[in-house]
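Asker: Take this structure first; my questions come after.
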Amino acid sequence: DLHTHVAIANKVQEAETGRWYSIDGRVLLKAVVTISETYNTALERHLTERLGVRFADRPGPDGKRPVREIVGVEPALNERWSSRRQRIEARRAVLAREFQAQHGRPPSPTEAIGLAQQATLETRDAKHSARSEAQQRATWRAEALEVLGSADALARMVAGAVGRADAVTFTPDQEWVEAAARRVVGIVQGHRSTWQGWHLRAEALRQLRAANVAGALVEATADRVVAQALATHCVSLERPLASPDGRVVEPSEPAALRRADGTSQYTVAGSTLFTSSPVLAAEEYLVAAAGRTGGWAVTEAHVGVALAESAANGVTLNEGQAALVTAMATSGARVQAAIAPAGSGKTTAMRALTQAWTDGGGTVIGLAPSAAAAEQLRDQTSAPTDTLAKVCWHLDQGTTHPNLPRIDEGTLVLVDEAGMADTLSLLQVVRHVLDAGGSVRLIGDDQQLAAIGAGGVLRDIETTHGVLRLDELVRFRDPAEGAASLALRAGRPEALGFYLDQRRVHVGDLATMTTDVFTAWSTDRQRGLDSIMLAPTRELVAELNTRARHQRLNGAPAGREVWLSDGLPASAGDTILTRRNHRRLRTSATDFVKNGDRWQVVDARADGSLHVAHTRTGRRVTLPADYVAEHVELGYASTIHTAQGISVDTTHGVLSGGESRQLLYT
């Protein structure tokens, strides 16, 4: 995991006049990931061809991109040589907290730089005179010997990492370029519905590194892959200057106002948006399907009975909820969408809809993007549920889902959290349901976190056909709290004013705010509340988890410990979080270990496994050692994305200021 810093001047010299100009910062911002991948590729190729090393992927956390590591290097050395930065950050955090306590405000950017410089000086090892390269190499060797234990171990590691027989380069042909172009577009469209040339080039460079393409061929091959992807698999979303028949021509700039490549000086270079034919076709199909009618419907009498039964059980639907249930149950629409903000009572509405539909003789199936959301949907409606991904897997395999009923004309498929479902998965499921005669209802919030893949179809359906809405919030006792939530959802700044007035938001240096969050979380835990801390980075999550565990132990022996995927230990009494669905680890006939589940460690076993109890249901299961090492983390704190679907009494979060409105609202 080589970590280097590269300074790039934002200046360019004109060839003819020799004058210097500043590069458009917007271009650099859009290209920053591609620039990083260009440098990473060049560095990796240089080391491979000079030293004969080979790089391989180390899986990234939470499904993130893998990290490229030199094969054969002992991981403990990475930890040893990264400890300096950890010491600096720890000292900087202390200085920042002291500054805020003394001045009553966080340090300014200039003051923060000064604190960082002070931390660097204070944590520096004993001063030494300037070192030659040979002296520095001798220092590194001594540190490596300290970690590895002997000169023989160091020699074996170097021999295994350098001059490897498998460190060979590859010369791609046209067939490989075409296959790489398909892979590049497939990966990019799996993460977004539109993209730019920068996205394609960054992914193309990753493909070249994985294939060990020779350094001298990297740039030309990347050009070929991107050109092939654009020409064969992408559709430009830029408005053409002329209509297909050539009759309508848009005004265009004269030659003096165009760049050397013919593009207008009034456009940002590389800003053209692209999509793919499959994404466009999926969006068109789903929007058209939302206009189809003639599907199964129940009578208003069935709806009335369901609403009355809900009221008799102590839950009376408000006017908006009742209208949504009535429209979805009686419309006969094959596909219908509803937008429901958090706290608007969609759970109650879906339960009544399920009751009305089944009373009318139909069957209901629930689907959701995550296993946690699918479980909640099953608990709320008593309908059989599963994830979209699992259903798509069975469709790809041509097999029948073992736990869901057969779909026919009387089947209603509820897709919860539809705003987080990717378009291509929705297409596959909706087409299957409609072909079998069933109907689909999409329910979600278009202002919460979007799909990981290409998404946004709820807004497309709303624009073309309209959607049902729940606008009245029922979760909050205080109407002002509900109004603030809706204002935050809409991006109105007065929402922050409300939370500031209520002392829900506190401003300060990151280190001070982290301490405040930990203190508030600790107070809630002492009051018997189930609480979780949220942080913007995995590093800060690890710091909070470590502090929480130290507080739990309070100096007592931890007992047998097992190391988790986040690099932290866990022992009996710790709270942990599972990060991947494992359907073979059953906790009941209908439930299994899911991504986002929180557990209490009952026993840490010698083989690395953990015997755990679910924090909500109390059900127990043993997590195998390999699963623990790869997919289990401490669960006192998490990132906001990881916390999706977690149910707790309170949350306390740290924000850096770089979060999106959707992330803050979620």
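The chains in the structure tokens are called A, B, ... from first to last as shown; in each chain the residues are counted from 1, and the ligands are counted from 1 in the order shown.
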Please provide the set of residues having any atom within 12 Å of Glu175 of chain A, restricted to only C-alpha atoms, with same-chain residues fewer than 4 positions apart removed, written as a ChimeraX atom specification.
Answerer: /A:171,179-182,224-225,228
Asker: Atoms to include: N, CA and C atoms. Write the selected residues as a compact mmCIF listing (two decimals), in the first residue's frame.
Answerer:
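Saved to result.txt:
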```
# COMPACT_ATOMS: atom_id res chain seq x y z
N THR A 171 1.22 -7.68 -23.24
CA THR A 171 0.98 -6.83 -24.41
C THR A 171 -0.42 -7.10 -24.93
N ALA A 179 -12.68 -6.36 -24.88
CA ALA A 179 -13.20 -6.96 -23.65
C ALA A 179 -13.03 -6.01 -22.47
N ALA A 180 -11.89 -5.31 -22.41
CA ALA A 180 -11.65 -4.35 -21.32
C ALA A 180 -12.65 -3.21 -21.40
N ALA A 181 -12.96 -2.74 -22.60
CA ALA A 181 -13.94 -1.66 -22.76
C ALA A 181 -15.31 -2.08 -22.22
N ARG A 182 -15.69 -3.34 -22.49
CA ARG A 182 -16.98 -3.82 -21.96
C ARG A 182 -16.94 -3.88 -20.43
N ARG A 224 -6.98 3.61 -26.15
CA ARG A 224 -7.74 2.68 -26.99
C ARG A 224 -8.97 2.14 -26.26
N VAL A 225 -8.78 1.80 -24.98
CA VAL A 225 -9.90 1.25 -24.21
C VAL A 225 -11.01 2.29 -24.05
N GLN A 228 -12.75 2.87 -27.38
CA GLN A 228 -13.63 1.74 -27.69
C GLN A 228 -14.90 1.80 -26.85
```
Asker: Taking 4 positions as the minimum chain separation for residues in the same chain, which residues sit within 7 Å of Ile88 of chain A when counting only C-alpha atoms? Answer as a list in words.
Answerer: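 What passes the distance filter is Arg84, Arg92, Ala119, Thr120 and Thr123 of chain A.
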Asker: Mind checking which residues fall within 8 Å of Ser277 of chain A, counting only C-alpha atoms, ignoring those fewer than 5 positions away in the same chain, and posting them as a PDB file with N, CA and C atoms, in the first residue's frame?
Answerer:
```pdb
ATOM      1  N   HIS A 233     -20.088   1.431 -26.458  1.00  0.00           N
ATOM      2  CA  HIS A 233     -20.958   1.112 -25.327  1.00  0.00           C
ATOM      3  C   HIS A 233     -21.578   2.322 -24.645  1.00  0.00           C
ATOM      4  N   CYS A 234     -21.236   3.539 -25.065  1.00  0.00           N
ATOM      5  CA  CYS A 234     -21.733   4.736 -24.386  1.00  0.00           C
ATOM      6  C   CYS A 234     -22.602   5.580 -25.308  1.00  0.00           C
ATOM      7  N   VAL A 235     -23.504   6.312 -24.681  1.00  0.00           N
ATOM      8  CA  VAL A 235     -24.387   7.232 -25.405  1.00  0.00           C
ATOM      9  C   VAL A 235     -24.173   8.621 -24.819  1.00  0.00           C
TER      10      VAL A 235
END
```
Asker: Got a sec to tell me which of segment 311-494 of chain A DSSP assigns to strand (DSSP E or B), as a VMD selection string?
Answerer: chain A and resid 335 to 339 363 to 368 385 to 387 411 to 416 439 to 444 468 to 469
Asker: Atom CA of Leu486 of chain A to atom CA of Pro536 of chain A: how many Å, to one decimal?
Answerer: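 Separating atom CA of Leu486 of chain A from atom CA of Pro536 of chain A is a distance of 22.9 Å.
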Asker: So the first atom is atom CA of Leu488 of chain A and the second is atom CA of Ser522 of chain A; what is the distance between them in Å, to one decimal place?
Answerer: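 So the answer is 27.3 Å.
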Asker: Name all residues at most 12 Å from Ser588 of chain A (count only C-alpha atoms; drop same-chain ones fewer than 2 positions away) and give them as number ranges by chain.
Answerer: A: 583-586, 590-593, 614, 617-621
Asker: From the list A:Asp359, A:Val507, A:Leu412, A:Arg661, which residue is nearest Ala487 of chain A when using only C-alpha atoms?
Answerer: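 Between A:Asp359, A:Val507, A:Leu412, A:Arg661, the residue approaching Ala487 of chain A most closely is A:Arg661.
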Asker: Show me, as a PyMOL selection string, the residues that have an atom within 12 Å of segment 419-422 of chain A when counting only C-alpha atoms, minus same-chain residues fewer than 3 positions from it.
Answerer: chain A and resi 189-193+279+282-283+286+337-341+367-370+373+387-389+392+415-416+425-430+442-461+641+644+662+666
Asker: Mind checking which residues fall within 8 Å of Val71 of chain A, counting only C-alpha atoms, ignoring those fewer than 4 positions away in the same chain, and posting them as a ChimeraX atom specification?
Answerer: /A:53-56,161
Asker: Considering only C-alpha atoms, return as number ranges by chain whatever protein or nucleic-acid residues lie within 10 Å of Leu217 of chain A, sequence-local ones (same chain, fewer than 3 positions apart) excluded.
Answerer: A: 170-172, 208, 213-214, 220-222
Asker: Please return as a PyMOL selection string: the residues of segment 244-435 of chain A that backbone DSSP assigns to alpha helix (DSSP H).
Answerer: chain A and resi 277-289+300-312+319-330+346-359+371-381+388-397+423-435
Asker: How many Å lie between atom CA of Trp81 of chain A and atom CA of Phe99 of chain A, rounded to one decimal?
Answerer: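 Computing it gives 29.2 Å between the two atoms.
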